[in-house]
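Working notes, structure below.
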Amino acid sequence: MTDIKSVGYRFTKESKTVKLAAEAITKINRTPNYDISGGGSDANVFNAKGKETANLSIGYEKIHTVHEMIPISELKKAVELAYQLVKDVGQK
């Protein structure tokens, strides 16, 4: 297995990936919220390999604790967002 060094990344609101996500979020009647994450993720690896990828938050509560959960209503919105993103990418 190849060892992939994961590095940090940063996008602006004008980045193609961020704009695509923001448009999809707006279409499902949510408001985009731009924030900086301090953790590592698969997105770090994808970006290091040249595949522009951003993390999207999906409504977790008490994240990274033994009480981590996601309300069903937020899980449904996450599915709606994923579906909207696929539709939008398919139209471009």
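Lettering and numbering for the structure tokens are positional, with chains as A, B, ... in the shown order, residues counted from 1 in each chain, and ligands counted from 1 in the shown order.
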Practice problem: Tell me, as a PyMOL selection string, which residues lie within 10 Å of Asn33 (chain A), counting only C-alpha atoms; anything in the same chain fewer than 5 positions away does not count. | Solution: chain A and resi 22+25+56-57
Self-check item: Contacts of Ala54 (chain A) within 8 Å, only C-alpha atoms, excl. fewer than 6 positions in-chain, as a PyMOL selection string
Solution: chain A and resi 17-18+43
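If only C-alpha atoms are the atoms counted, then among A:His67, A:Leu81, A:Tyr60, A:Val89 the closest residue to Thr31 (chain A) is A:Leu81.
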Quiz item: Counting only C-alpha atoms, which of A:His64, A:Lys49, A:Lys87, A:Lys76 gets nearest to Ala21 (chain A)?
Solution: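 Between A:His64, A:Lys49, A:Lys87, A:Lys76, the residue approaching Ala21 (chain A) most closely is A:Lys87.
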Self-check item: CA of Arg30 (chain A) to CA of Glu74 (chain A), straight-line distance in Å
Solution: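 Between these atoms lies a distance of 11.2 Å.
Residues in contact range of Ala24 (chain A), defined as at most 8 Å between only C-alpha atoms, with sequence neighbours fewer than 5 positions away removed, read Leu81, Gln84, Leu85 and Asp88 of chain A.
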Once you have the residues from the selection above, write them out as a CSV table (one decimal), in the first residue's frame, restricted to all heavy atoms.
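New file again_3.csv:
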```csv
chain,number,residue,atom,x,y,z
A,81,LEU,N,-29.3,16.9,0.6
A,81,LEU,CA,-28.2,17.7,0.1
A,81,LEU,C,-27.4,16.8,-0.8
A,81,LEU,O,-27.0,17.3,-1.9
A,81,LEU,CB,-27.3,18.2,1.3
A,81,LEU,CG,-26.0,18.9,0.9
A,81,LEU,CD1,-26.3,20.1,0.0
A,81,LEU,CD2,-25.3,19.3,2.1
A,84,GLN,N,-29.1,16.6,-4.1
A,84,GLN,CA,-29.1,17.9,-4.8
A,84,GLN,C,-27.7,18.1,-5.4
A,84,GLN,O,-27.6,18.5,-6.6
A,84,GLN,CB,-29.4,19.1,-3.9
A,84,GLN,CG,-29.5,20.4,-4.6
A,84,GLN,CD,-30.6,20.5,-5.5
A,84,GLN,OE1,-31.8,20.2,-5.2
A,84,GLN,NE2,-30.3,20.8,-6.8
A,85,LEU,N,-26.7,17.7,-4.7
A,85,LEU,CA,-25.3,17.8,-5.3
A,85,LEU,C,-25.1,17.0,-6.5
A,85,LEU,O,-24.6,17.4,-7.5
A,85,LEU,CB,-24.3,17.5,-4.2
A,85,LEU,CG,-24.0,18.5,-3.2
A,85,LEU,CD1,-23.3,17.9,-2.0
A,85,LEU,CD2,-23.2,19.7,-3.7
A,88,ASP,N,-27.0,18.6,-9.4
A,88,ASP,CA,-26.3,19.8,-9.9
A,88,ASP,C,-25.0,19.4,-10.7
A,88,ASP,O,-24.8,20.0,-11.7
A,88,ASP,CB,-25.9,20.7,-8.7
A,88,ASP,CG,-27.1,21.4,-8.1
A,88,ASP,OD1,-28.3,21.3,-8.6
A,88,ASP,OD2,-27.0,22.0,-7.0
```
Which residues of region 26-86 of chain A sit at most 12 Å from region 7-12 of chain A, using only C-alpha atoms? Give each one's shortest atom pair and distance in Å (one decimal place), in chain and ascending residue order, as a tab-separated table.
```
residue	atom	partner	partner_atom	distance
A:Tyr34	CA	A:Thr12	CA	9.3
A:Asp35	CA	A:Arg10	CA	10.5
A:Ile36	CA	A:Arg10	CA	8.3
A:Ser37	CA	A:Arg10	CA	9.6
A:Gly38	CA	A:Gly8	CA	9.2
A:Gly39	CA	A:Gly8	CA	9.1
A:Gly40	CA	A:Gly8	CA	7.8
A:Ser41	CA	A:Gly8	CA	9.6
A:Asp42	CA	A:Val7	CA	10.5
A:Ala43	CA	A:Tyr9	CA	8.8
A:Asn44	CA	A:Val7	CA	5.7
A:Val45	CA	A:Val7	CA	7.1
A:Phe46	CA	A:Val7	CA	9.7
A:Asn47	CA	A:Tyr9	CA	7.1
A:Ala48	CA	A:Val7	CA	6.2
A:Lys49	CA	A:Val7	CA	9.8
A:Gly50	CA	A:Tyr9	CA	10.9
A:Lys51	CA	A:Tyr9	CA	11.5
A:Glu52	CA	A:Phe11	CA	9.4
A:Thr53	CA	A:Tyr9	CA	9.5
A:Ala54	CA	A:Phe11	CA	8.3
A:Asn55	CA	A:Phe11	CA	11.0
```
Could you take the residues named above and write them with N, CA, C and O atoms, as an mmCIF file, in the first residue's frame?
```
data_model
loop_
_atom_site.group_PDB
_atom_site.id
_atom_site.type_symbol
_atom_site.label_atom_id
_atom_site.label_comp_id
_atom_site.auth_asym_id
_atom_site.auth_seq_id
_atom_site.Cartn_x
_atom_site.Cartn_y
_atom_site.Cartn_z
ATOM 1 N N TYR A 34 -19.737 29.167 6.444
ATOM 2 C CA TYR A 34 -18.348 28.895 6.100
ATOM 3 C C TYR A 34 -17.516 28.901 7.372
ATOM 4 O O TYR A 34 -17.530 29.854 8.134
ATOM 5 N N ASP A 35 -16.795 27.809 7.598
ATOM 6 C CA ASP A 35 -16.001 27.690 8.807
ATOM 7 C C ASP A 35 -14.718 26.936 8.497
ATOM 8 O O ASP A 35 -14.613 26.270 7.460
ATOM 9 N N ILE A 36 -13.781 27.004 9.394
ATOM 10 C CA ILE A 36 -12.512 26.305 9.244
ATOM 11 C C ILE A 36 -12.520 25.102 10.175
ATOM 12 O O ILE A 36 -12.871 25.216 11.345
ATOM 13 N N SER A 37 -12.136 23.970 9.632
ATOM 14 C CA SER A 37 -12.054 22.740 10.413
ATOM 15 C C SER A 37 -10.626 22.544 10.879
ATOM 16 O O SER A 37 -9.683 22.829 10.140
ATOM 17 N N GLY A 38 -10.465 22.037 12.067
ATOM 18 C CA GLY A 38 -9.122 21.816 12.597
ATOM 19 C C GLY A 38 -8.679 20.372 12.501
ATOM 20 O O GLY A 38 -7.586 20.035 12.909
ATOM 21 N N GLY A 39 -9.522 19.518 11.951
ATOM 22 C CA GLY A 39 -9.187 18.101 11.955
ATOM 23 C C GLY A 39 -8.812 17.571 10.599
ATOM 24 O O GLY A 39 -8.987 18.222 9.581
ATOM 25 N N GLY A 40 -8.294 16.367 10.608
ATOM 26 C CA GLY A 40 -7.950 15.683 9.375
ATOM 27 C C GLY A 40 -9.143 14.892 8.880
ATOM 28 O O GLY A 40 -10.048 14.561 9.637
ATOM 29 N N SER A 41 -9.159 14.620 7.604
ATOM 30 C CA SER A 41 -10.252 13.844 7.024
ATOM 31 C C SER A 41 -9.780 13.255 5.709
ATOM 32 O O SER A 41 -8.682 13.528 5.242
ATOM 33 N N ASP A 42 -10.653 12.474 5.103
ATOM 34 C CA ASP A 42 -10.347 11.948 3.775
ATOM 35 C C ASP A 42 -10.153 13.079 2.774
ATOM 36 O O ASP A 42 -9.414 12.928 1.797
ATOM 37 N N ALA A 43 -10.819 14.216 3.011
ATOM 38 C CA ALA A 43 -10.676 15.357 2.097
ATOM 39 C C ALA A 43 -9.215 15.807 2.014
ATOM 40 O O ALA A 43 -8.769 16.225 0.943
ATOM 41 N N ASN A 44 -8.474 15.699 3.107
ATOM 42 C CA ASN A 44 -7.058 16.069 3.075
ATOM 43 C C ASN A 44 -6.304 15.208 2.060
ATOM 44 O O ASN A 44 -5.490 15.710 1.292
ATOM 45 N N VAL A 45 -6.580 13.920 2.059
ATOM 46 C CA VAL A 45 -5.905 12.995 1.153
ATOM 47 C C VAL A 45 -6.311 13.282 -0.291
ATOM 48 O O VAL A 45 -5.458 13.357 -1.176
ATOM 49 N N PHE A 46 -7.613 13.447 -0.531
ATOM 50 C CA PHE A 46 -8.080 13.733 -1.892
ATOM 51 C C PHE A 46 -7.463 15.018 -2.420
ATOM 52 O O PHE A 46 -7.015 15.076 -3.577
ATOM 53 N N ASN A 47 -7.457 16.070 -1.606
ATOM 54 C CA ASN A 47 -6.878 17.343 -2.045
ATOM 55 C C ASN A 47 -5.384 17.220 -2.307
ATOM 56 O O ASN A 47 -4.874 17.802 -3.261
ATOM 57 N N ALA A 48 -4.679 16.450 -1.472
ATOM 58 C CA ALA A 48 -3.242 16.251 -1.676
ATOM 59 C C ALA A 48 -2.963 15.540 -3.001
ATOM 60 O O ALA A 48 -1.911 15.738 -3.608
ATOM 61 N N LYS A 49 -3.930 14.746 -3.464
ATOM 62 C CA LYS A 49 -3.786 14.036 -4.732
ATOM 63 C C LYS A 49 -4.372 14.817 -5.908
ATOM 64 O O LYS A 49 -4.492 14.298 -7.009
ATOM 65 N N GLY A 50 -4.802 16.085 -5.659
ATOM 66 C CA GLY A 50 -5.288 16.933 -6.736
ATOM 67 C C GLY A 50 -6.778 16.846 -7.016
ATOM 68 O O GLY A 50 -7.255 17.408 -7.988
ATOM 69 N N LYS A 51 -7.532 16.153 -6.178
ATOM 70 C CA LYS A 51 -8.988 16.028 -6.353
ATOM 71 C C LYS A 51 -9.658 16.972 -5.353
ATOM 72 O O LYS A 51 -9.775 16.661 -4.173
ATOM 73 N N GLU A 52 -10.079 18.148 -5.837
ATOM 74 C CA GLU A 52 -10.634 19.172 -4.943
ATOM 75 C C GLU A 52 -11.873 18.651 -4.215
ATOM 76 O O GLU A 52 -12.859 18.259 -4.828
ATOM 77 N N THR A 53 -11.799 18.631 -2.906
ATOM 78 C CA THR A 53 -12.833 18.065 -2.049
ATOM 79 C C THR A 53 -12.990 18.922 -0.799
ATOM 80 O O THR A 53 -11.996 19.325 -0.202
ATOM 81 N N ALA A 54 -14.229 19.172 -0.398
ATOM 82 C CA ALA A 54 -14.493 19.931 0.828
ATOM 83 C C ALA A 54 -15.349 19.087 1.767
ATOM 84 O O ALA A 54 -16.137 18.253 1.331
ATOM 85 N N ASN A 55 -15.181 19.304 3.055
ATOM 86 C CA ASN A 55 -16.023 18.652 4.056
ATOM 87 C C ASN A 55 -17.305 19.459 4.231
ATOM 88 O O ASN A 55 -17.273 20.679 4.253
#
```
Quiz prompt | Atom pair CA of Ile63 (chain A) / CA of Val79 (chain A): separation (Å) | solution =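 Rounded to one decimal, the two atoms are 18.9 Å apart.
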Exercise. Could you check how far CA of Glu61 (chain A) sits from CA of Lys27 (chain A), in Å to one decimal?
Key: 23.3 Å
Quiz item: When DSSP works through the backbone of this structure, what residues of chain A end up as alpha helix (DSSP H), shown as a PyMOL selection string?
Solution: chain A and resi 16-27+42-48+72-91
